[in-house]
Every structure is written in structure tokens, then in C-alpha cells.
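As provided, upload23.cif (mmCIF, C-alpha atoms) reads as follows.
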```cif
data_coords
#
loop_
_atom_site.label_atom_id
_atom_site.label_comp_id
_atom_site.auth_asym_id
_atom_site.auth_seq_id
_atom_site.Cartn_x
_atom_site.Cartn_y
_atom_site.Cartn_z
CA MET A 1 -60.42 -10.77 85.24
CA ASN A 2 -60.39 -13.72 82.78
CA SER A 3 -62.41 -16.80 83.68
CA ILE A 4 -60.86 -20.28 83.73
CA LEU A 5 -62.66 -21.00 80.43
CA ASP A 6 -61.12 -17.89 78.84
CA LYS A 7 -57.66 -19.03 79.94
CA VAL A 8 -58.22 -22.54 78.57
CA ILE A 9 -59.38 -21.12 75.22
CA SER A 10 -56.43 -18.72 75.11
CA SER A 11 -53.99 -21.51 75.91
CA LYS A 12 -55.46 -23.72 73.18
CA HIS A 13 -55.30 -20.82 70.71
CA LEU A 14 -51.59 -20.21 71.46
CA SER A 15 -50.89 -23.92 71.11
CA SER A 16 -52.62 -23.96 67.71
CA LEU A 17 -50.58 -20.93 66.60
CA ALA A 18 -47.38 -22.71 67.61
CA ASP A 19 -48.34 -25.74 65.51
CA PHE A 20 -49.46 -23.74 62.46
CA ASP A 21 -46.90 -23.97 59.64
CA PRO A 22 -48.28 -22.24 56.50
CA HIS A 23 -45.47 -23.56 54.29
CA GLN A 24 -46.13 -27.19 55.27
CA THR A 25 -49.88 -26.65 55.00
CA LEU A 26 -49.47 -25.30 51.47
CA ALA A 27 -47.30 -28.25 50.49
CA SER A 28 -50.05 -30.61 51.67
CA ILE A 29 -52.71 -28.62 49.82
CA LEU A 30 -50.85 -28.70 46.51
CA GLN A 31 -50.28 -32.48 46.61
CA ALA A 32 -53.69 -32.93 45.01
CA LEU A 33 -52.36 -31.32 41.80
CA SER A 34 -50.13 -32.43 38.95
CA GLU A 35 -46.64 -30.96 38.67
CA ARG A 36 -47.70 -28.45 35.99
CA GLU A 37 -50.85 -27.45 37.91
CA GLN A 38 -48.76 -26.89 41.04
CA GLU A 39 -46.33 -24.65 39.18
CA ILE A 40 -49.10 -22.61 37.56
CA ILE A 41 -50.77 -22.03 40.95
CA LYS A 42 -47.42 -21.06 42.51
CA LEU A 43 -46.69 -18.62 39.66
CA ARG A 44 -50.18 -17.08 39.73
CA HIS A 45 -50.11 -16.49 43.50
CA GLY A 46 -46.41 -15.99 44.19
CA LEU A 47 -46.17 -19.12 46.34
CA ALA A 48 -43.14 -21.10 47.58
CA ASN A 49 -40.73 -18.27 46.64
CA TYR A 50 -42.01 -18.17 43.04
CA GLU A 51 -42.30 -14.67 41.56
CA LYS A 52 -45.93 -13.76 40.94
CA LYS A 53 -46.71 -13.76 37.21
CA THR A 54 -49.56 -12.60 34.97
CA LEU A 55 -51.76 -14.95 32.95
CA GLU A 56 -49.95 -13.79 29.82
CA ASP A 57 -46.47 -14.50 31.27
CA ILE A 58 -47.50 -18.01 32.36
CA GLY A 59 -49.13 -18.64 28.97
CA LYS A 60 -45.86 -17.81 27.20
CA LYS A 61 -43.94 -20.16 29.52
CA TYR A 62 -46.21 -23.12 28.65
CA ASN A 63 -47.07 -21.98 25.10
CA ILE A 64 -50.79 -21.77 25.90
CA THR A 65 -53.35 -18.95 25.85
CA ARG A 66 -54.17 -16.67 28.76
CA GLU A 67 -57.66 -18.17 28.87
CA ARG A 68 -56.24 -21.68 29.09
CA VAL A 69 -54.07 -20.62 32.06
CA ARG A 70 -57.18 -19.23 33.75
CA GLN A 71 -59.04 -22.50 33.12
CA ILE A 72 -56.18 -24.55 34.63
CA GLU A 73 -56.06 -22.24 37.65
CA ASN A 74 -59.82 -22.52 38.26
CA SER A 75 -59.92 -26.30 37.79
CA SER A 76 -56.88 -26.68 40.09
CA LEU A 77 -58.58 -24.69 42.86
CA LYS A 78 -61.67 -26.89 42.56
CA LYS A 79 -59.50 -30.00 42.70
CA ILE A 80 -57.78 -28.73 45.86
CA THR A 81 -61.10 -27.99 47.58
CA LYS A 82 -62.45 -31.42 46.65
CA ASN A 83 -59.40 -33.49 47.60
CA PHE A 84 -57.84 -31.63 50.53
CA ASN A 85 -58.51 -32.77 54.11
CA GLN A 86 -61.49 -30.55 55.03
CA SER A 87 -61.14 -31.21 58.76
CA TYR A 88 -57.63 -29.74 58.66
CA LEU A 89 -58.90 -26.78 56.65
CA LYS A 90 -61.55 -26.31 59.35
CA GLU A 91 -58.80 -26.10 61.97
CA ILE A 92 -57.11 -23.31 59.99
CA GLU A 93 -60.47 -21.54 59.67
CA LEU A 94 -61.01 -21.72 63.45
CA LEU A 95 -57.49 -20.44 64.09
CA ALA A 96 -57.93 -17.45 61.78
CA ASN A 97 -61.40 -16.79 63.16
CA SER A 98 -60.29 -16.81 66.81
CA THR A 99 -57.36 -14.52 65.95
CA LEU A 100 -59.68 -12.07 64.19
CA ALA A 101 -62.26 -12.24 66.97
CA GLU A 102 -59.59 -11.33 69.51
CA HIS A 103 -58.90 -8.15 67.53
CA GLY A 104 -62.45 -6.97 66.93
CA GLY A 105 -63.24 -9.18 63.94
CA MET A 106 -61.06 -7.26 61.50
CA MET A 107 -57.31 -6.97 60.97
CA SER A 108 -54.90 -5.53 58.43
CA GLU A 109 -53.19 -8.19 56.33
CA ASP A 110 -49.79 -7.54 57.94
CA ASN A 111 -51.27 -7.67 61.42
CA LEU A 112 -53.19 -10.89 60.76
CA THR A 113 -50.23 -12.69 59.18
CA GLY A 114 -48.00 -11.42 61.99
CA GLU A 115 -50.32 -12.93 64.60
CA LEU A 116 -50.65 -16.21 62.72
CA LEU A 117 -46.87 -16.51 62.34
CA VAL A 118 -45.88 -16.18 65.98
CA MET A 119 -43.74 -19.31 65.95
CA PRO A 120 -42.60 -20.03 62.36
CA GLY A 121 -41.56 -16.45 61.63
CA GLU A 122 -42.69 -13.81 59.16
CA SER A 123 -41.13 -14.96 55.88
CA GLN A 124 -42.61 -13.78 52.58
CA GLU A 125 -43.12 -17.43 51.71
CA ASN A 126 -45.35 -17.95 54.77
CA LYS A 127 -47.23 -14.70 54.18
CA ALA A 128 -48.00 -15.70 50.60
CA ALA A 129 -49.22 -19.11 51.80
CA ILE A 130 -51.61 -17.51 54.30
CA ARG A 131 -52.95 -15.08 51.67
CA PHE A 132 -53.62 -17.99 49.32
CA ILE A 133 -55.41 -20.07 51.97
CA LEU A 134 -57.63 -17.17 53.07
CA ASN A 135 -58.29 -15.82 49.57
CA GLU A 136 -58.84 -19.05 47.67
CA LEU A 137 -59.90 -21.70 50.19
CA LEU A 138 -61.61 -19.75 52.96
CA SER A 139 -63.12 -16.86 51.00
CA HIS A 140 -66.58 -18.09 52.06
CA ARG A 141 -65.63 -17.44 55.70
CA PHE A 142 -63.47 -14.31 55.59
CA TYR A 143 -63.80 -11.19 53.51
CA LEU A 144 -60.96 -8.96 52.32
CA VAL A 145 -62.15 -5.35 52.40
CA LYS A 146 -60.28 -3.47 49.67
CA GLU A 147 -58.46 -0.26 50.54
CA GLY A 148 -60.69 2.81 50.71
CA LYS A 149 -60.36 6.54 51.29
CA ASP A 150 -60.28 6.23 55.09
CA TYR A 151 -58.78 2.79 55.64
CA TYR A 152 -56.21 0.31 54.38
CA SER A 153 -57.31 -3.11 53.12
CA PHE A 154 -58.15 -5.57 55.89
CA TRP A 155 -59.62 -8.99 56.60
CA LYS A 156 -62.90 -9.27 58.45
CA THR A 157 -65.36 -11.88 59.62
CA PRO A 158 -68.99 -11.66 58.43
CA GLU A 159 -70.07 -10.98 62.02
CA SER A 160 -67.86 -7.91 62.55
CA SER A 161 -69.40 -4.46 62.12
CA LEU A 162 -67.83 -1.76 59.94
CA ASP A 163 -70.09 0.80 61.64
CA TYR A 164 -68.58 -0.17 65.00
CA PHE A 165 -65.06 0.26 63.62
CA HIS A 166 -65.85 3.69 62.15
CA ASN A 167 -67.52 4.79 65.39
CA ILE A 168 -64.46 3.85 67.49
CA ILE A 169 -62.10 5.60 65.07
CA ASP A 170 -64.27 8.74 65.01
CA ASN A 171 -64.13 8.84 68.82
CA ILE A 172 -60.34 8.55 68.80
CA VAL A 173 -60.06 11.22 66.10
CA SER A 174 -62.19 13.57 68.20
CA LEU A 175 -60.07 12.87 71.29
CA VAL A 176 -56.80 13.51 69.44
CA ASP A 177 -58.14 16.60 67.66
CA ASN A 178 -59.27 18.12 70.97
CA HIS A 179 -55.82 17.48 72.44
CA GLY A 180 -54.40 19.50 69.56
CA GLN A 181 -50.95 17.96 69.28
CA ALA A 182 -49.18 14.68 68.55
CA LEU A 183 -49.12 12.14 71.37
CA PRO A 184 -46.54 9.43 72.12
CA ALA A 185 -48.14 6.00 71.59
CA ASP A 186 -48.32 5.15 75.32
CA ASN A 187 -49.94 8.50 76.13
CA LEU A 188 -52.50 8.05 73.37
CA ILE A 189 -53.51 4.60 74.67
CA ASP A 190 -53.74 5.95 78.25
CA GLN A 191 -56.05 8.77 77.14
CA ILE A 192 -58.21 6.39 75.10
CA LYS A 193 -58.58 4.01 78.05
CA GLN A 194 -59.80 6.90 80.21
CA ALA A 195 -62.32 8.13 77.61
CA GLU A 196 -66.03 7.45 78.10
CA PHE A 197 -66.43 5.54 74.82
CA PHE A 198 -63.84 3.03 76.08
CA THR A 199 -64.88 2.70 79.73
CA THR A 200 -68.57 2.20 78.83
CA ASP A 201 -67.90 -0.47 76.18
CA GLU A 202 -67.17 -3.82 77.84
CA ALA A 203 -66.33 -5.46 74.51
CA LEU A 204 -63.66 -2.91 73.58
CA THR A 205 -60.07 -3.85 74.48
CA GLU A 206 -56.64 -2.25 74.14
CA LYS A 207 -55.69 -4.94 71.62
CA MET A 208 -58.68 -3.96 69.45
CA ILE A 209 -57.73 -0.27 69.66
CA LEU A 210 -54.16 -0.98 68.55
CA ASN A 211 -55.50 -3.10 65.70
CA PHE A 212 -58.01 -0.47 64.53
CA LEU A 213 -55.24 2.14 64.51
CA GLN A 214 -53.34 -0.04 62.02
CA ILE A 215 -56.35 -0.07 59.68
CA THR A 216 -57.49 3.56 59.70
CA LYS A 217 -56.03 6.25 57.44
CA LYS A 218 -57.39 9.08 59.58
CA LEU A 219 -54.72 8.65 62.24
CA GLY A 220 -51.04 7.93 61.87
CA ALA A 221 -47.65 7.94 63.55
CA ASN A 222 -44.50 9.84 62.63
CA PRO A 223 -41.03 8.21 62.79
CA TYR A 224 -40.83 9.20 66.47
CA ASN A 225 -43.92 7.03 67.19
CA GLU A 226 -46.05 10.07 68.00
CA TRP A 227 -49.68 9.75 66.95
CA GLY A 228 -52.06 12.34 65.56
CA LEU A 229 -54.25 13.24 62.60
CA VAL A 230 -52.58 12.36 59.29
CA SER A 231 -53.28 15.90 58.07
CA TRP A 232 -50.98 17.34 60.75
CA PRO A 233 -47.47 18.25 59.50
CA ASP A 234 -46.09 16.76 62.76
CA ILE A 235 -47.46 13.38 61.65
CA THR A 236 -47.11 13.53 57.86
CA PRO A 237 -44.41 16.12 57.15
CA ARG A 238 -44.59 16.60 53.39
CA ARG A 239 -42.66 19.87 52.99
CA MET A 240 -38.94 20.03 53.85
CA ASN A 241 -39.77 22.87 56.25
CA ASP A 242 -42.14 20.58 58.17
CA LYS A 243 -39.36 17.99 58.52
CA ILE A 244 -36.89 20.61 59.78
CA TYR A 245 -39.36 21.81 62.39
CA LEU A 246 -40.19 18.27 63.54
CA VAL A 247 -36.51 17.29 63.87
CA LEU A 248 -35.63 20.42 65.89
CA LYS A 249 -38.72 20.03 68.06
CA LYS A 250 -37.89 16.39 68.78
CA GLU A 251 -34.18 16.99 69.43
CA ASN A 252 -35.12 19.95 71.67
CA LYS A 253 -31.79 21.70 71.13
CA PRO A 254 -30.12 23.90 68.49
CA LEU A 255 -28.52 22.01 65.60
CA HIS A 256 -26.16 22.81 62.75
CA PHE A 257 -27.96 22.80 59.39
CA THR A 258 -25.84 19.83 58.23
CA GLU A 259 -26.93 17.87 61.33
CA ILE A 260 -30.56 18.68 60.56
CA ALA A 261 -30.17 17.37 56.99
CA GLU A 262 -28.48 14.20 58.30
CA LYS A 263 -31.25 13.51 60.83
CA ILE A 264 -34.00 14.07 58.23
CA ASN A 265 -32.35 11.48 55.98
CA GLN A 266 -31.93 9.07 58.89
CA MET A 267 -35.64 9.31 59.76
CA SER A 268 -36.70 8.45 56.18
CA PHE A 269 -39.90 10.51 56.26
CA ASP A 270 -40.21 9.75 52.54
CA GLU A 271 -37.99 9.07 49.53
CA ARG A 272 -36.88 12.70 49.17
CA GLN A 273 -33.30 13.30 50.24
CA ALA A 274 -32.46 16.36 52.33
CA PHE A 275 -29.43 18.32 51.13
CA PRO A 276 -27.61 20.71 53.52
CA ALA A 277 -27.88 23.62 51.06
CA THR A 278 -31.66 23.14 50.78
CA ILE A 279 -32.02 22.95 54.55
CA HIS A 280 -29.92 26.12 54.99
CA ASN A 281 -32.10 28.03 52.54
CA GLU A 282 -35.28 26.97 54.39
CA LEU A 283 -33.79 28.03 57.74
CA ILE A 284 -32.75 31.43 56.43
CA LEU A 285 -36.10 32.24 54.83
CA ASP A 286 -38.38 31.26 57.75
CA ASP A 287 -38.47 33.51 60.82
CA LYS A 288 -39.53 30.68 63.14
CA TYR A 289 -35.88 29.60 63.07
CA VAL A 290 -33.14 31.66 64.73
CA LEU A 291 -29.43 31.61 63.92
CA VAL A 292 -27.71 31.09 67.27
CA GLY A 293 -24.18 30.22 66.15
CA ARG A 294 -22.13 29.52 63.05
CA GLY A 295 -24.64 27.56 60.95
CA ILE A 296 -26.51 26.55 64.14
CA TYR A 297 -30.25 27.15 64.32
CA ALA A 298 -32.88 26.99 67.05
CA LEU A 299 -36.64 27.42 67.22
CA LYS A 300 -37.92 30.90 67.97
CA ASP A 301 -40.52 29.19 70.21
CA TRP A 302 -37.70 28.33 72.62
CA GLY A 303 -37.24 32.01 73.46
CA TYR A 304 -34.42 32.74 71.05
CA LYS A 305 -34.58 36.15 69.36
CA PRO A 306 -33.27 36.97 65.89
CA GLY A 307 -30.56 39.57 65.32
CA VAL A 308 -26.82 40.03 65.72
CA VAL A 309 -25.11 39.68 69.11
CA SER A 310 -25.36 43.41 69.85
CA ASP A 311 -29.14 43.20 69.34
CA VAL A 312 -29.32 40.32 71.83
CA ILE A 313 -27.30 42.33 74.40
CA TYR A 314 -29.54 45.35 73.82
CA ASP A 315 -32.68 43.29 74.58
CA ILE A 316 -31.05 41.77 77.68
CA LEU A 317 -30.17 45.20 79.09
CA LYS A 318 -33.60 46.56 78.21
CA ASP A 319 -35.38 43.67 79.95
CA ALA A 320 -33.11 43.96 83.01
CA GLY A 321 -33.89 47.66 83.44
CA ARG A 322 -30.51 48.25 85.13
CA PRO A 323 -26.78 48.16 84.32
CA LEU A 324 -25.28 44.66 84.16
CA SER A 325 -21.76 43.40 84.62
CA LYS A 326 -19.87 41.80 81.76
CA LYS A 327 -20.22 38.40 83.48
CA GLU A 328 -24.00 38.79 83.82
CA ILE A 329 -24.34 39.80 80.18
CA ILE A 330 -22.20 36.88 78.97
CA GLU A 331 -24.29 34.40 81.01
CA GLU A 332 -27.54 35.71 79.52
CA VAL A 333 -26.24 35.87 75.93
CA MET A 334 -24.93 32.28 76.17
CA LYS A 335 -28.49 31.17 76.95
CA LYS A 336 -29.57 32.60 73.60
CA ARG A 337 -26.54 32.13 71.37
CA MET A 338 -23.93 29.40 70.86
CA ILE A 339 -20.92 31.68 70.36
CA LYS A 340 -17.53 32.42 71.90
CA GLN A 341 -17.27 34.82 74.82
CA THR A 342 -14.81 36.97 72.84
CA THR A 343 -17.59 37.64 70.30
CA ILE A 344 -19.77 39.02 73.13
CA THR A 345 -16.85 41.14 74.44
CA LEU A 346 -16.32 42.61 70.98
CA ALA A 347 -20.04 43.45 70.68
CA LEU A 348 -19.94 45.28 74.03
CA MET A 349 -17.26 47.57 72.60
CA ASN A 350 -19.90 49.13 70.31
CA ARG A 351 -19.92 52.64 71.82
CA ASP A 352 -22.86 53.69 69.66
CA LYS A 353 -25.08 51.19 71.53
CA PHE A 354 -23.55 50.62 74.97
CA SER A 355 -21.90 52.67 77.68
CA ARG A 356 -19.73 51.46 80.59
CA ASP A 357 -19.78 53.04 84.04
CA GLU A 358 -16.97 53.37 86.59
CA LYS A 359 -17.90 49.98 88.12
CA GLY A 360 -17.51 48.23 84.76
CA ARG A 361 -21.23 47.69 84.30
CA TYR A 362 -22.88 48.14 80.93
CA SER A 363 -26.12 49.90 79.99
CA ILE A 364 -27.86 51.06 76.80
CA LYS A 365 -26.41 54.31 75.58
CA GLN A 366 -28.96 57.09 75.89
#
```
Is it possible to give me this structure as C-alpha cells?
Amino acid sequence: MNSILDKVISSKHLSSLADFDPHQTLASILQALSEREQEIIKLRHGLANYEKKTLEDIGKKYNITRERVRQIENSSLKKITKNFNQSYLKEIELLANSTLAEHGGMMSEDNLTGELLVMPGESQENKAAIRFILNELLSHRFYLVKEGKDYYSFWKTPESSLDYFHNIIDNIVSLVDNHGQALPADNLIDQIKQAEFFTTDEALTEKMILNFLQITKKLGANPYNEWGLVSWPDITPRRMNDKIYLVLKKENKPLHFTEIAEKINQMSFDERQAFPATIHNELILDDKYVLVGRGIYALKDWGYKPGVVSDVIYDILKDAGRPLSKKEIIEEVMKKRMIKQTTITLALMNRDKFSRDEKGRYSIKQ
């Protein structure tokens, strides 16, 4: 349970967030510069809705060399640091620091800007302003860790431990790997909170876990918000066949191949478009899918068996071990195929496979 001090600190933090306006802060910061210096800084860093430009592009605009643009940029940054209200900059530093501390001392750029923009809103203009303040004016206090093999780029405080982050992620990876299948987000968090590494670490919070999951590349979520190892096809379906399987598994019912193509495109797994003809070819060639109606496919895992209707009837009679009425056969076939009853009646007329007794019951012809 939070102490009164914790609540006071939290309340003050939320109040500071509400008052923080990156756009207005940036405007105040740039007042120390001349008009040309302001424009060069805005162009170099993509500020105030300016498109970010290279040194060469800016040099052409002002008919100066790339090196001269760099010199103006550097001298402008020094001028800002010297002339800007340092006490106000300290307030921004404390705000960013308390936000990072709340999330384990490290946050992805999107997550950090999202937290800092609770009230003003997440405009690109505000995001660019925050990046500039952190990168250029507070770089002595916060460090941007560049994207690596196992993580996306993120901001961290000097006090936060990368070893601690990697240890937590490795524990979650082990937990998920042992489970063996993708987990809905809520289920994943519940399992983490019950794990020993979480219950024995008083400093670790759910908020930190959610934040770490946004940074790591080892774990990911599919469009259905199910989490697992990024190497799993359920999480990162790269092949069209993986996408077909994931859609059918999630829908949990047979679908026409055109519906499958439509749902794949709706989910936007990647930039590749799914065409009905391609989907149909995949379904035909892979025996884990079963044709259960006109262009309608189901997963074999659901108990559907391949073959024509007469083959399905044959298996039903064989499993029953006794003659069955037409009604009983139709009921069982309809559980395995999405077809008209007349199609089943026609299949029962195959005298080479089935015989009918005086009571109208059918059995396999001996």
C-alpha cells in the first residue's frame, strides 16, 4: 500500500505532467536565437512542423557550406544552454527523471513521450520538441541507448541497470517458452505476477514489466494482442501459410478462402497483400487444412477429416460399429462438413460402399 508521501509525490508528478507543454517550452528555448538560427535548428531537428533536413539541404537554402551550417547549429545550442532559464530546464529534467524512475529507469521513446504528453496530446510537433530537449539540452542526464539485436532504442537514466533489464526479460522469455504457446496480454501479466522472480523482487512492478516488454525484441505481440517469442509463427507470421493458420485458429470456425484473404489483409500482418487465389493454393497443398464445403476450409486439428462425403460417412459408420439411420448419419456429417443434406443423401446411394437394411439403417457394405 502506498504511503502518504508516495501519494503526495505521485500527485505532484501528475500535476507537473498536466502543466508540461513541449511546444511552448520549445518556443521559450528558441527565443535566445536569431531568426535564421531558429530556422536552422528547426530544420536540423524537424521542430515546429518543419521537415527535418540534412546539413547539405540547409546549406543550399542559405547558400552556405555544410560545415558552416554545423557551426551555426553548435553555436546556437551553446547560446540556448547559456541563456535559457536553467531552473525551468531543471523542472523538465525532474519530470522526465521521475517518469523514467516509475518505469524502471528506462523507456522506449514512444512510451516516454506518451507518458510526458498525457494532457497536451501526442502530436508529432510535441514529440519532436521532447526529443530535442532530451537529446540536446539534457543529454548529460539521460542516455539514448541505440537499437541493438535484442532491443529497440530507449532512454535510460545513468542509475538504471541494463543487466537488471536483461535478467527480467530472460525470466519472462523462459516463462513464455515453458508455456509453449501465445498468451493473451492479461494472461501473460497474470502469469508473470505469480512467478518467483516477480514475487521476490519488491522493486519490480507491473508498470515496469509492461514497459520492458515494449523495449525487448525477444518477445512480441501479434495483431490479436497475444504475446510470445518473436520467433514463433503465431507471433510473427512471415509466410502466408502462417497467416492462414493464425486467422483460422483465432476465428475458431471454418471460413471460405476469400474470407481468409480478407481477414489477413484487415489484420495488416505486414505490407504483403493476400490474394484469394494464393490463399486457395496454400489451403489445397497443406494437409493441415480440410475442405468442408464449397471453398470453405477448417483446421484438421478441429477433428475434421479429409476426403469426399462418402469417405466421411464411411468413417462415421466404422467408428459407430453399428448401422445408423439416415438422420443419425446426416447429424454426424454436418459436424464435419458444411454441405447440403441432399449431398449426403446422394452419397448414401453409393451401393459400392453402403448397404441399407429393412429398417432403413445404413452400414458399410461387406
Requested in this report: Check what the PyMOL selection byres ((chain A and resi 143) around 8) selects in the file above and give those residues as a list in words.
Outcome: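 Written out, the selection comes to Ser139, His140, Arg141, Phe142, Leu144, Val145, Trp155, Lys156, Thr157 and Pro158 of chain A.
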Report task. Could you give me, as a PyMOL selection string, the residues within 7 Å of segment 229-236 of chain A, counting all atoms listed in the file and dropping anything in the same chain fewer than 2 positions from it? Result -> chain A and resi 182+218-222+227+238+242+246
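Considering only C-alpha atoms, the residue among A:Leu213, A:Phe197, A:Thr113, A:Asp163 positioned nearest to Ala185 of chain A is A:Leu213.
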Query - Expected selection from the PyMOL selection byres ((chain A and resi 171) around 12), given as a ChimeraX atom specification - result: /A:164-170,172-178,191-193,195-198,209,212-213,218-219
Requested in this report: Name the residues captured by the PyMOL selection byres ((chain A and resi 46) around 12) when it is applied to the shown file; answer as a PyMOL selection string.
Outcome: chain A and resi 38-45+47-54+124-132
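Among the candidates A:Glu159, A:Arg322, A:Gly360, A:Tyr224, the residue lying nearest to Pro184 of chain A is A:Tyr224 (atoms considered: all atoms listed in the file).
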Report task. For atom CA of Thr25 of chain A and atom CA of Leu94 of chain A, determine how far apart the two atoms are, in Å to one decimal place. Result ->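 According to the coordinates, atom CA of Thr25 of chain A and atom CA of Leu94 of chain A are separated by 14.8 Å.
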Requested in this report: Up to 12 Å from (-29.4, 34.3, 80.0) in the file's coordinates: name the residues, counting only C-alpha atoms, as a PyMOL selection string.
Outcome: chain A and resi 303-305+312-313+315-317+319-320+324+327-338
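Separating atom CA of His103 of chain A from atom CA of Met208 of chain A is a distance of 4.6 Å.
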Give me the residues within 7 Å of segment 71-82 of chain A as an mmCIF file with C-alpha atoms, keeping the file's coordinate frame, counting all atoms listed in the file and dropping any in the same chain fewer than 2 places off.
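Saved the output as part.cif:
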```cif
data_model
loop_
_atom_site.group_PDB
_atom_site.id
_atom_site.type_symbol
_atom_site.label_atom_id
_atom_site.label_comp_id
_atom_site.auth_asym_id
_atom_site.auth_seq_id
_atom_site.Cartn_x
_atom_site.Cartn_y
_atom_site.Cartn_z
ATOM 1 C CA ILE A 29 -52.710 -28.620 49.820
ATOM 2 C CA LEU A 30 -50.850 -28.700 46.510
ATOM 3 C CA ALA A 32 -53.690 -32.930 45.010
ATOM 4 C CA LEU A 33 -52.360 -31.320 41.800
ATOM 5 C CA GLU A 37 -50.850 -27.450 37.910
ATOM 6 C CA ILE A 40 -49.100 -22.610 37.560
ATOM 7 C CA ILE A 41 -50.770 -22.030 40.950
ATOM 8 C CA GLU A 67 -57.660 -18.170 28.870
ATOM 9 C CA ARG A 68 -56.240 -21.680 29.090
ATOM 10 C CA VAL A 69 -54.070 -20.620 32.060
ATOM 11 C CA PHE A 84 -57.840 -31.630 50.530
ATOM 12 C CA LEU A 137 -59.900 -21.700 50.190
#
```
Query raised in the report: What lies within 12 Å of segment 349-357 of chain A using all atoms listed in the file, ignoring chain neighbours under 4 positions off, as a list in words?
Result: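 Skipping anything fewer than 4 positions along the chain leaves Val309, Ser310, Asp311, Val312, Ile313, Tyr314, Asp315, Ile316, Leu317, Lys318, Arg322, Pro323, Leu324, Ser325, Lys326, Thr342, Thr343, Ile344, Thr345, Arg361, Tyr362, Ser363, Ile364, Lys365 and Gln366 of chain A.
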Requested in this report: Go ahead and compute the interatomic distance for atom CA of Leu248 of chain A and atom CA of Ala261 of chain A, in Å to one decimal.
Outcome: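 Computing the Euclidean distance for atom CA of Leu248 of chain A and atom CA of Ala261 of chain A yields 10.9 Å.
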Query raised in the report: For Leu291 of chain A, which of A:Ala101, A:Ile64, A:Val308, A:Ala96 is the closest residue, counting all atoms listed in the file?
Result: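 Among the listed residues, A:Val308 lies closest to Leu291 of chain A.
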Please determine an axis-aligned box that encloses all atoms of segment 52-60 of chain A listed in the file, with 3 Å added on each side, and express its centre and edge lengths in Å to one decimal as JSON.
```
{"center_x": -48.8, "center_y": -15.6, "center_z": 34.1, "size_x": 11.9, "size_y": 12.0, "size_z": 19.7}
```
Query raised in the report: From the set A:Glu91, A:Glu56, A:Glu206, A:Glu226, which residue has the shortest atom-to-atom contact distance to Gly104 of chain A, counting all atoms listed in the file?
Result: A:Glu206
Query raised in the report: Pick from A:Lys207, A:Lys340, A:Lys243, A:Lys217: nearest to Tyr151 of chain A, with all atoms listed in the file counted?
Result: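 Closest residue, counting all atoms listed in the file: A:Lys217.
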Requested in this report: Within 12 Å of Leu283 of chain A, counting all atoms listed in the file, which residues show up once you throw out same-chain ones fewer than 3 positions away? Write them as a ChimeraX atom specification, please.
Outcome: /A:240-245,248,255-258,260-261,276-280,286-292,295-300
